[in-house]
>>> print(open('final01.tsv').read())   # TSV, N, CA and C atoms
chain	number	residue	atom	x	y	z
A	1	MET	N	174.82	233.83	11.74
A	1	MET	CA	176.01	234.21	11.02
A	1	MET	C	176.10	233.51	9.66
A	2	PHE	N	175.51	232.31	9.60
A	2	PHE	CA	175.53	231.52	8.37
A	2	PHE	C	174.95	232.30	7.19
A	3	TRP	N	173.75	232.90	7.39
A	3	TRP	CA	173.09	233.60	6.29
A	3	TRP	C	173.82	234.88	5.90
A	4	LEU	N	174.50	235.50	6.84
A	4	LEU	CA	175.27	236.68	6.51
A	4	LEU	C	176.46	236.32	5.62
A	5	ILE	N	177.13	235.22	5.92
A	5	ILE	CA	178.25	234.75	5.09
A	5	ILE	C	177.74	234.37	3.70
A	6	ILE	N	176.60	233.68	3.65
A	6	ILE	CA	176.00	233.31	2.36
A	6	ILE	C	175.67	234.57	1.56
A	7	THR	N	175.14	235.59	2.25
A	7	THR	CA	174.82	236.86	1.59
A	7	THR	C	176.06	237.46	0.94
A	8	PHE	N	177.18	237.49	1.68
A	8	PHE	CA	178.42	238.05	1.13
A	8	PHE	C	178.92	237.24	-0.06
A	9	ILE	N	178.83	235.94	0.01
A	9	ILE	CA	179.28	235.08	-1.10
A	9	ILE	C	178.43	235.34	-2.34
A	10	ILE	N	177.10	235.36	-2.16
A	10	ILE	CA	176.22	235.61	-3.31
A	10	ILE	C	176.46	237.00	-3.87
A	11	ALA	N	176.70	237.99	-3.00
A	11	ALA	CA	176.96	239.36	-3.47
A	11	ALA	C	178.22	239.41	-4.32
A	12	ILE	N	179.25	238.70	-3.91
A	12	ILE	CA	180.50	238.68	-4.69
A	12	ILE	C	180.25	238.02	-6.05
A	13	VAL	N	179.50	236.92	-6.07
A	13	VAL	CA	179.17	236.26	-7.34
A	13	VAL	C	178.37	237.21	-8.22
A	14	GLU	N	177.44	237.95	-7.61
A	14	GLU	CA	176.62	238.90	-8.37
A	14	GLU	C	177.48	240.01	-8.96
A	15	TRP	N	178.41	240.53	-8.19
A	15	TRP	CA	179.30	241.59	-8.68
A	15	TRP	C	180.15	241.09	-9.85
A	16	VAL	N	180.68	239.89	-9.73
A	16	VAL	CA	181.50	239.32	-10.81
A	16	VAL	C	180.64	239.09	-12.05
A	17	ALA	N	179.42	238.58	-11.85
A	17	ALA	CA	178.52	238.35	-12.98
A	17	ALA	C	178.19	239.66	-13.69
A	18	ALA	N	177.95	240.73	-12.93
A	18	ALA	CA	177.67	242.03	-13.54
A	18	ALA	C	178.90	242.56	-14.26
A	19	TRP	N	180.07	242.40	-13.66
A	19	TRP	CA	181.32	242.88	-14.25
A	19	TRP	C	181.61	242.17	-15.57
A	20	ARG	N	181.34	240.88	-15.61
A	20	ARG	CA	181.62	240.10	-16.82
A	20	ARG	C	180.47	240.12	-17.82
A	21	GLY	N	179.37	240.73	-17.46
A	21	GLY	CA	178.24	240.82	-18.37
A	21	GLY	C	177.44	239.53	-18.47
A	22	ASN	N	177.51	238.69	-17.46
A	22	ASN	CA	176.75	237.44	-17.45
A	22	ASN	C	175.33	237.73	-16.96
A	23	THR	N	174.47	238.09	-17.91
A	23	THR	CA	173.12	238.53	-17.59
A	23	THR	C	172.29	237.45	-16.90
A	24	MET	N	172.40	236.22	-17.37
A	24	MET	CA	171.59	235.14	-16.80
A	24	MET	C	171.93	234.90	-15.33
A	25	LEU	N	173.21	234.83	-15.02
A	25	LEU	CA	173.64	234.63	-13.63
A	25	LEU	C	173.26	235.84	-12.79
A	26	ASN	N	173.40	237.02	-13.36
A	26	ASN	CA	173.06	238.26	-12.65
A	26	ASN	C	171.58	238.31	-12.29
A	27	ARG	N	170.73	237.82	-13.18
A	27	ARG	CA	169.28	237.81	-12.93
A	27	ARG	C	168.91	236.87	-11.79
A	28	ILE	N	169.75	235.89	-11.53
A	28	ILE	CA	169.50	234.95	-10.42
A	28	ILE	C	170.10	235.48	-9.12
A	29	THR	N	171.33	235.97	-9.20
A	29	THR	CA	172.03	236.36	-7.97
A	29	THR	C	171.56	237.70	-7.40
A	30	LYS	N	171.07	238.59	-8.25
A	30	LYS	CA	170.65	239.91	-7.74
A	30	LYS	C	169.54	239.76	-6.70
A	31	PRO	N	168.44	239.08	-6.98
A	31	PRO	CA	167.44	238.91	-5.92
A	31	PRO	C	167.90	237.93	-4.83
A	32	ALA	N	168.79	237.01	-5.16
A	32	ALA	CA	169.25	236.03	-4.17
A	32	ALA	C	170.00	236.70	-3.02
A	33	VAL	N	170.69	237.79	-3.31
A	33	VAL	CA	171.41	238.53	-2.25
A	33	VAL	C	170.41	239.02	-1.21
A	34	LEU	N	169.33	239.62	-1.67
A	34	LEU	CA	168.34	240.14	-0.71
A	34	LEU	C	167.58	239.02	-0.03
A	35	ILE	N	167.34	237.92	-0.71
A	35	ILE	CA	166.67	236.79	-0.06
A	35	ILE	C	167.53	236.28	1.09
A	36	ALA	N	168.83	236.11	0.85
A	36	ALA	CA	169.73	235.67	1.92
A	36	ALA	C	169.79	236.70	3.05
A	37	LEU	N	169.79	237.98	2.69
A	37	LEU	CA	169.82	239.03	3.70
A	37	LEU	C	168.54	239.03	4.54
A	38	ILE	N	167.40	238.79	3.91
A	38	ILE	CA	166.13	238.70	4.63
A	38	ILE	C	166.14	237.49	5.57
A	39	LEU	N	166.69	236.38	5.11
A	39	LEU	CA	166.80	235.20	5.98
A	39	LEU	C	167.71	235.47	7.17
A	40	TRP	N	168.82	236.16	6.94
A	40	TRP	CA	169.72	236.54	8.04
A	40	TRP	C	169.00	237.47	9.01
A	41	PHE	N	168.32	238.47	8.48
A	41	PHE	CA	167.58	239.41	9.32
A	41	PHE	C	166.53	238.67	10.15
A	42	SER	N	165.82	237.75	9.53
A	42	SER	CA	164.79	237.00	10.24
A	42	SER	C	165.39	236.17	11.37
A	43	LYS	N	166.55	235.61	11.12
A	43	LYS	CA	167.22	234.78	12.13
A	43	LYS	C	167.67	235.62	13.33
A	44	ILE	N	168.27	236.78	13.09
A	44	ILE	CA	168.82	237.55	14.21
A	44	ILE	C	167.79	238.44	14.89
A	45	SER	N	166.75	238.85	14.19
A	45	SER	CA	165.81	239.80	14.78
A	45	SER	C	164.53	239.15	15.26
A	46	ALA	N	164.20	238.01	14.69
A	46	ALA	CA	162.92	237.34	14.97
A	46	ALA	C	161.75	238.31	14.78
A	47	TRP	N	161.93	239.30	13.94
A	47	TRP	CA	160.90	240.28	13.60
A	47	TRP	C	160.33	240.94	14.85
A	48	GLN	N	161.22	241.36	15.74
A	48	GLN	CA	160.78	242.07	16.94
A	48	GLN	C	160.12	243.37	16.53
A	49	PRO	N	159.18	243.86	17.34
A	49	PRO	CA	158.43	245.06	16.95
A	49	PRO	C	159.29	246.25	16.54
A	50	GLY	N	160.37	246.54	17.20
A	50	GLY	CA	161.19	247.68	16.84
A	50	GLY	C	161.96	247.49	15.55
A	51	LEU	N	162.08	246.26	15.08
A	51	LEU	CA	162.87	245.97	13.87
A	51	LEU	C	162.02	245.61	12.66
A	52	THR	N	160.73	245.54	12.84
A	52	THR	CA	159.84	245.13	11.75
A	52	THR	C	159.96	246.03	10.53
A	53	TRP	N	160.13	247.34	10.76
A	53	TRP	CA	160.26	248.27	9.64
A	53	TRP	C	161.44	247.90	8.75
A	54	PHE	N	162.55	247.46	9.35
A	54	PHE	CA	163.72	247.09	8.55
A	54	PHE	C	163.44	245.84	7.72
A	55	GLY	N	162.75	244.87	8.30
A	55	GLY	CA	162.39	243.67	7.55
A	55	GLY	C	161.48	243.98	6.38
A	56	LEU	N	160.49	244.83	6.62
A	56	LEU	CA	159.59	245.22	5.53
A	56	LEU	C	160.35	246.00	4.45
A	57	ALA	N	161.29	246.82	4.85
A	57	ALA	CA	162.10	247.56	3.87
A	57	ALA	C	162.93	246.60	3.02
A	58	LEU	N	163.48	245.57	3.64
A	58	LEU	CA	164.25	244.58	2.88
A	58	LEU	C	163.36	243.85	1.88
A	59	ILE	N	162.15	243.50	2.30
A	59	ILE	CA	161.22	242.81	1.40
A	59	ILE	C	160.84	243.71	0.22
A	60	LEU	N	160.60	244.99	0.50
A	60	LEU	CA	160.28	245.91	-0.59
A	60	LEU	C	161.49	246.14	-1.50
A	61	SER	N	162.69	246.12	-0.95
A	61	SER	CA	163.89	246.23	-1.78
A	61	SER	C	164.02	245.02	-2.69
A	62	LEU	N	163.68	243.85	-2.19
A	62	LEU	CA	163.67	242.65	-3.02
A	62	LEU	C	162.65	242.79	-4.15
A	63	ALA	N	161.46	243.29	-3.81
A	63	ALA	CA	160.44	243.50	-4.84
A	63	ALA	C	160.94	244.50	-5.88
A	64	GLY	N	161.59	245.57	-5.43
A	64	GLY	CA	162.13	246.55	-6.38
A	64	GLY	C	163.16	245.94	-7.31
A	65	ASP	N	164.04	245.11	-6.77
A	65	ASP	CA	165.04	244.43	-7.62
A	65	ASP	C	164.37	243.52	-8.64
A	66	ILE	N	163.35	242.80	-8.21
A	66	ILE	CA	162.64	241.89	-9.12
A	66	ILE	C	161.93	242.68	-10.22
A	67	PHE	N	161.28	243.78	-9.85
A	67	PHE	CA	160.62	244.61	-10.86
A	67	PHE	C	161.63	245.14	-11.88
A	68	LEU	N	162.81	245.53	-11.42
A	68	LEU	CA	163.80	246.12	-12.33
A	68	LEU	C	164.47	245.08	-13.23
A	69	LEU	N	164.25	243.81	-12.96
A	69	LEU	CA	164.79	242.78	-13.86
A	69	LEU	C	164.07	242.80	-15.20
A	70	ARG	N	162.83	243.24	-15.20
A	70	ARG	CA	162.09	243.36	-16.45
A	70	ARG	C	162.37	244.71	-17.08
A	71	LYS	N	162.36	244.76	-18.36
A	71	LYS	CA	162.70	246.00	-19.09
A	71	LYS	C	161.43	246.63	-19.66
A	72	SER	N	160.61	247.20	-18.77
A	72	SER	CA	159.43	247.91	-19.23
A	72	SER	C	159.20	249.12	-18.34
A	73	ASN	N	158.47	250.08	-18.87
A	73	ASN	CA	158.17	251.29	-18.09
A	73	ASN	C	157.36	250.96	-16.86
A	74	ARG	N	156.38	250.07	-17.01
A	74	ARG	CA	155.53	249.70	-15.88
A	74	ARG	C	156.36	249.06	-14.77
A	75	SER	N	157.29	248.19	-15.14
A	75	SER	CA	158.15	247.56	-14.14
A	75	SER	C	159.09	248.58	-13.49
A	76	PHE	N	159.56	249.54	-14.29
A	76	PHE	CA	160.41	250.58	-13.73
A	76	PHE	C	159.66	251.37	-12.68
A	77	TYR	N	158.42	251.76	-12.98
A	77	TYR	CA	157.63	252.52	-12.02
A	77	TYR	C	157.33	251.70	-10.77
A	78	ALA	N	157.02	250.42	-10.95
A	78	ALA	CA	156.75	249.57	-9.79
A	78	ALA	C	158.01	249.43	-8.94
A	79	GLY	N	159.17	249.26	-9.58
A	79	GLY	CA	160.42	249.17	-8.84
A	79	GLY	C	160.73	250.47	-8.11
A	80	LEU	N	160.50	251.59	-8.78
A	80	LEU	CA	160.71	252.90	-8.16
A	80	LEU	C	159.83	253.06	-6.93
A	81	ALA	N	158.55	252.70	-7.06
A	81	ALA	CA	157.63	252.81	-5.92
A	81	ALA	C	158.05	251.89	-4.78
A	82	ALA	N	158.50	250.68	-5.11
A	82	ALA	CA	158.93	249.74	-4.07
A	82	ALA	C	160.16	250.28	-3.33
A	83	PHE	N	161.12	250.80	-4.07
A	83	PHE	CA	162.33	251.34	-3.42
A	83	PHE	C	162.01	252.59	-2.60
A	84	MET	N	161.14	253.45	-3.12
A	84	MET	CA	160.78	254.65	-2.36
A	84	MET	C	160.07	254.27	-1.05
A	85	THR	N	159.17	253.31	-1.12
A	85	THR	CA	158.48	252.87	0.09
A	85	THR	C	159.45	252.20	1.04
A	86	ALA	N	160.39	251.44	0.50
A	86	ALA	CA	161.41	250.80	1.36
A	86	ALA	C	162.21	251.87	2.10
A	87	HIS	N	162.56	252.94	1.40
A	87	HIS	CA	163.32	254.01	2.07
A	87	HIS	C	162.50	254.67	3.17
A	88	LEU	N	161.20	254.83	2.94
A	88	LEU	CA	160.34	255.35	4.02
A	88	LEU	C	160.35	254.41	5.22
A	89	PHE	N	160.31	253.12	4.96
A	89	PHE	CA	160.32	252.14	6.05
A	89	PHE	C	161.65	252.17	6.80
A	90	TYR	N	162.75	252.37	6.08
A	90	TYR	CA	164.03	252.52	6.77
A	90	TYR	C	164.01	253.75	7.69
A	91	ILE	N	163.43	254.83	7.19
A	91	ILE	CA	163.33	256.04	8.02
A	91	ILE	C	162.49	255.76	9.26
A	92	PHE	N	161.36	255.07	9.08
A	92	PHE	CA	160.52	254.71	10.24
A	92	PHE	C	161.30	253.84	11.21
A	93	GLY	N	162.10	252.92	10.68
A	93	GLY	CA	162.89	252.03	11.54
A	93	GLY	C	163.93	252.78	12.36
A	94	PHE	N	164.55	253.78	11.75
A	94	PHE	CA	165.57	254.55	12.48
A	94	PHE	C	164.94	255.57	13.42
A	95	ASN	N	163.71	255.96	13.14
A	95	ASN	CA	163.02	256.93	13.98
A	95	ASN	C	162.01	256.16	14.84
A	96	GLN	N	162.43	255.75	16.00
A	96	GLN	CA	161.58	254.92	16.85
A	96	GLN	C	160.56	255.70	17.67
A	97	THR	N	160.52	257.01	17.48
A	97	THR	CA	159.48	257.76	18.16
A	97	THR	C	158.16	257.52	17.44
A	98	PRO	N	157.05	257.61	18.13
A	98	PRO	CA	155.76	257.38	17.46
A	98	PRO	C	155.54	258.37	16.31
A	99	LEU	N	154.89	257.86	15.28
A	99	LEU	CA	154.58	258.72	14.13
A	99	LEU	C	153.57	259.78	14.52
A	100	LEU	N	153.71	260.93	13.89
A	100	LEU	CA	152.73	261.98	14.10
A	100	LEU	C	151.41	261.57	13.46
A	101	THR	N	150.34	261.86	14.11
A	101	THR	CA	149.05	261.44	13.57
A	101	THR	C	148.27	262.61	12.98
A	102	SER	N	148.93	263.71	12.75
A	102	SER	CA	148.27	264.86	12.14
A	102	SER	C	147.88	264.50	10.70
A	103	TRP	N	146.76	264.99	10.26
A	103	TRP	CA	146.31	264.70	8.90
A	103	TRP	C	147.26	265.28	7.86
A	104	VAL	N	147.97	266.36	8.21
A	104	VAL	CA	148.92	266.97	7.27
A	104	VAL	C	150.05	266.00	6.96
A	105	VAL	N	150.54	265.30	7.98
A	105	VAL	CA	151.62	264.33	7.79
A	105	VAL	C	151.16	263.22	6.86
A	106	TRP	N	149.97	262.73	7.05
A	106	TRP	CA	149.47	261.64	6.21
A	106	TRP	C	149.24	262.09	4.77
A	107	VAL	N	148.81	263.31	4.58
A	107	VAL	CA	148.64	263.84	3.22
A	107	VAL	C	150.01	263.94	2.53
A	108	LEU	N	151.00	264.44	3.26
A	108	LEU	CA	152.35	264.54	2.68
A	108	LEU	C	152.91	263.17	2.36
A	109	LEU	N	152.70	262.20	3.24
A	109	LEU	CA	153.17	260.83	2.96
A	109	LEU	C	152.47	260.23	1.75
A	110	ALA	N	151.19	260.52	1.59
A	110	ALA	CA	150.44	260.00	0.45
A	110	ALA	C	150.92	260.62	-0.87
A	111	MET	N	151.47	261.82	-0.81
A	111	MET	CA	151.94	262.49	-2.03
A	111	MET	C	153.27	261.92	-2.53
A	112	ILE	N	154.02	261.25	-1.69
A	112	ILE	CA	155.35	260.77	-2.07
A	112	ILE	C	155.32	259.85	-3.29
A	113	PRO	N	154.43	258.83	-3.34
A	113	PRO	CA	154.44	257.99	-4.55
A	113	PRO	C	154.11	258.77	-5.82
A	114	PHE	N	153.18	259.71	-5.72
A	114	PHE	CA	152.82	260.50	-6.91
A	114	PHE	C	154.01	261.34	-7.39
A	115	LEU	N	154.73	261.91	-6.45
A	115	LEU	CA	155.93	262.68	-6.82
A	115	LEU	C	156.98	261.75	-7.44
A	116	GLY	N	157.09	260.55	-6.88
A	116	GLY	CA	158.04	259.58	-7.43
A	116	GLY	C	157.72	259.20	-8.86
A	117	PHE	N	156.43	259.00	-9.15
A	117	PHE	CA	156.04	258.66	-10.51
A	117	PHE	C	156.33	259.80	-11.47
A	118	SER	N	156.09	261.06	-11.02
A	118	SER	CA	156.40	262.18	-11.91
A	118	SER	C	157.88	262.30	-12.17
A	119	ILE	N	158.68	262.10	-11.13
A	119	ILE	CA	160.13	262.16	-11.30
A	119	ILE	C	160.59	261.01	-12.20
A	120	GLY	N	159.98	259.84	-12.02
A	120	GLY	CA	160.31	258.70	-12.88
A	120	GLY	C	160.04	258.98	-14.33
A	121	GLY	N	158.93	259.68	-14.62
A	121	GLY	CA	158.61	260.06	-16.00
A	121	GLY	C	159.65	260.99	-16.58
A	122	VAL	N	160.10	261.94	-15.79
A	122	VAL	CA	161.14	262.87	-16.25
A	122	VAL	C	162.43	262.10	-16.54
A	123	ILE	N	162.78	261.18	-15.65
A	123	ILE	CA	164.00	260.38	-15.84
A	123	ILE	C	163.90	259.55	-17.12
A	124	LEU	N	162.75	258.90	-17.33
A	124	LEU	CA	162.58	258.08	-18.54
A	124	LEU	C	162.65	258.92	-19.81
A	125	ARG	N	162.03	260.09	-19.80
A	125	ARG	CA	162.12	260.96	-20.99
A	125	ARG	C	163.54	261.37	-21.26
A	126	GLY	N	164.29	261.67	-20.20
A	126	GLY	CA	165.69	262.03	-20.36
A	126	GLY	C	166.52	260.88	-20.91
A	127	LEU	N	166.23	259.67	-20.45
A	127	LEU	CA	166.96	258.50	-20.94
A	127	LEU	C	166.66	258.23	-22.40
A	128	ARG	N	165.43	258.47	-22.82
A	128	ARG	CA	165.06	258.24	-24.22
A	128	ARG	C	165.80	259.18	-25.17
A	129	LYS	N	166.05	260.42	-24.69
A	129	LYS	CA	166.76	261.39	-25.54
A	129	LYS	C	168.19	260.98	-25.66
>>> encode(input="final01.tsv", output="structure tokens")
Amino acid sequence: MFWLIITFIIAIVEWVAAWRGNTMLNRITKPAVLIALILWFSKISAWQPGLTWFGLALILSLAGDIFLLRKSNRSFYAGLAAFMTAHLFYIFGFNQTPLLTSWVVWVLLAMIPFLGFSIGGVILRGLRK
């Protein structure tokens, strides 16, 4: 429970820092929220096999937040890929049935990052305009 309370406190500090435009504090507290959440998750789940997907998704979400702290196209794409993969891991975590092993499923899963990068390019071009 300790790490969950710490997570909420850091999240509130992060929200206030973002609201007030305190960029330096925001750059520290944004990843700190997920670090505390990962510590809480590790404490309560002990990374049991059925919950591992959620832990991996949290770690990838942390990586996505860290990538987005930098202001470059390459970091944006890396953050986008990390968040997209994290969302896939959340889906795997909620779907506890065994994954299909058909080659079609694996081809479709492999296409997801490529589609994400193309969508990211469209988003960046739109933002530039």
>>> select_by_dssp(input="final01.tsv", residues="chain A", states="alpha helix (DSSP H)", output="VMD selection string")
chain A and resid 2 to 20 23 to 45 52 to 69 73 to 94 103 to 128
>>> residues_near_point(input="final01.tsv", point="(160.6, 252.5, -11.3)", cutoff="7 Å", atoms="all atoms listed in the file", output="list in words")
Asn73, Arg74, Ser75, Phe76, Tyr77, Ala78, Gly79, Leu80, Ala81, Ala82 and Gly120 of chain A
>>> closest_residue(input="final01.tsv", among="A:Ala18, A:Leu115, A:Leu62, A:Ile10", to="Ile35 in chain A", atoms="all atoms listed in the file")
A:Leu62
>>> atom_distance(input="final01.tsv", atom1="CA of Val105 in chain A", atom2="atom N of Gly121 in chain A")
24.0 Å
>>> residues_around(input="final01.tsv", residues="Gln96 in chain A", least_positions_apart="5", cutoff="10 Å", atoms="only C-alpha atoms", output="PyMOL selection string")
chain A and resi 50-51+53+91
>>> atom_distance(input="final01.tsv", atom1="CA of Asn26 in chain A", atom2="CA of Ile12 in chain A")
10.9 Å
>>> residues_around(input="final01.tsv", residues="Lys30 in chain A", least_positions_apart="6", cutoff="8 Å", atoms="all atoms listed in the file", output="number ranges by chain")
A: 10-11, 13-15, 62, 65-66
>>> residues_near_point(input="final01.tsv", point="(169.1, 244.2, -2.5)", cutoff="6 Å", atoms="all atoms listed in the file", output="list in words")
Val33, Leu34, Ser61 and Leu62 of chain A
>>> atom_distance(input="final01.tsv", atom1="CA of Trp40 in chain A", atom2="CA of Gly93 in chain A")
17.3 Å
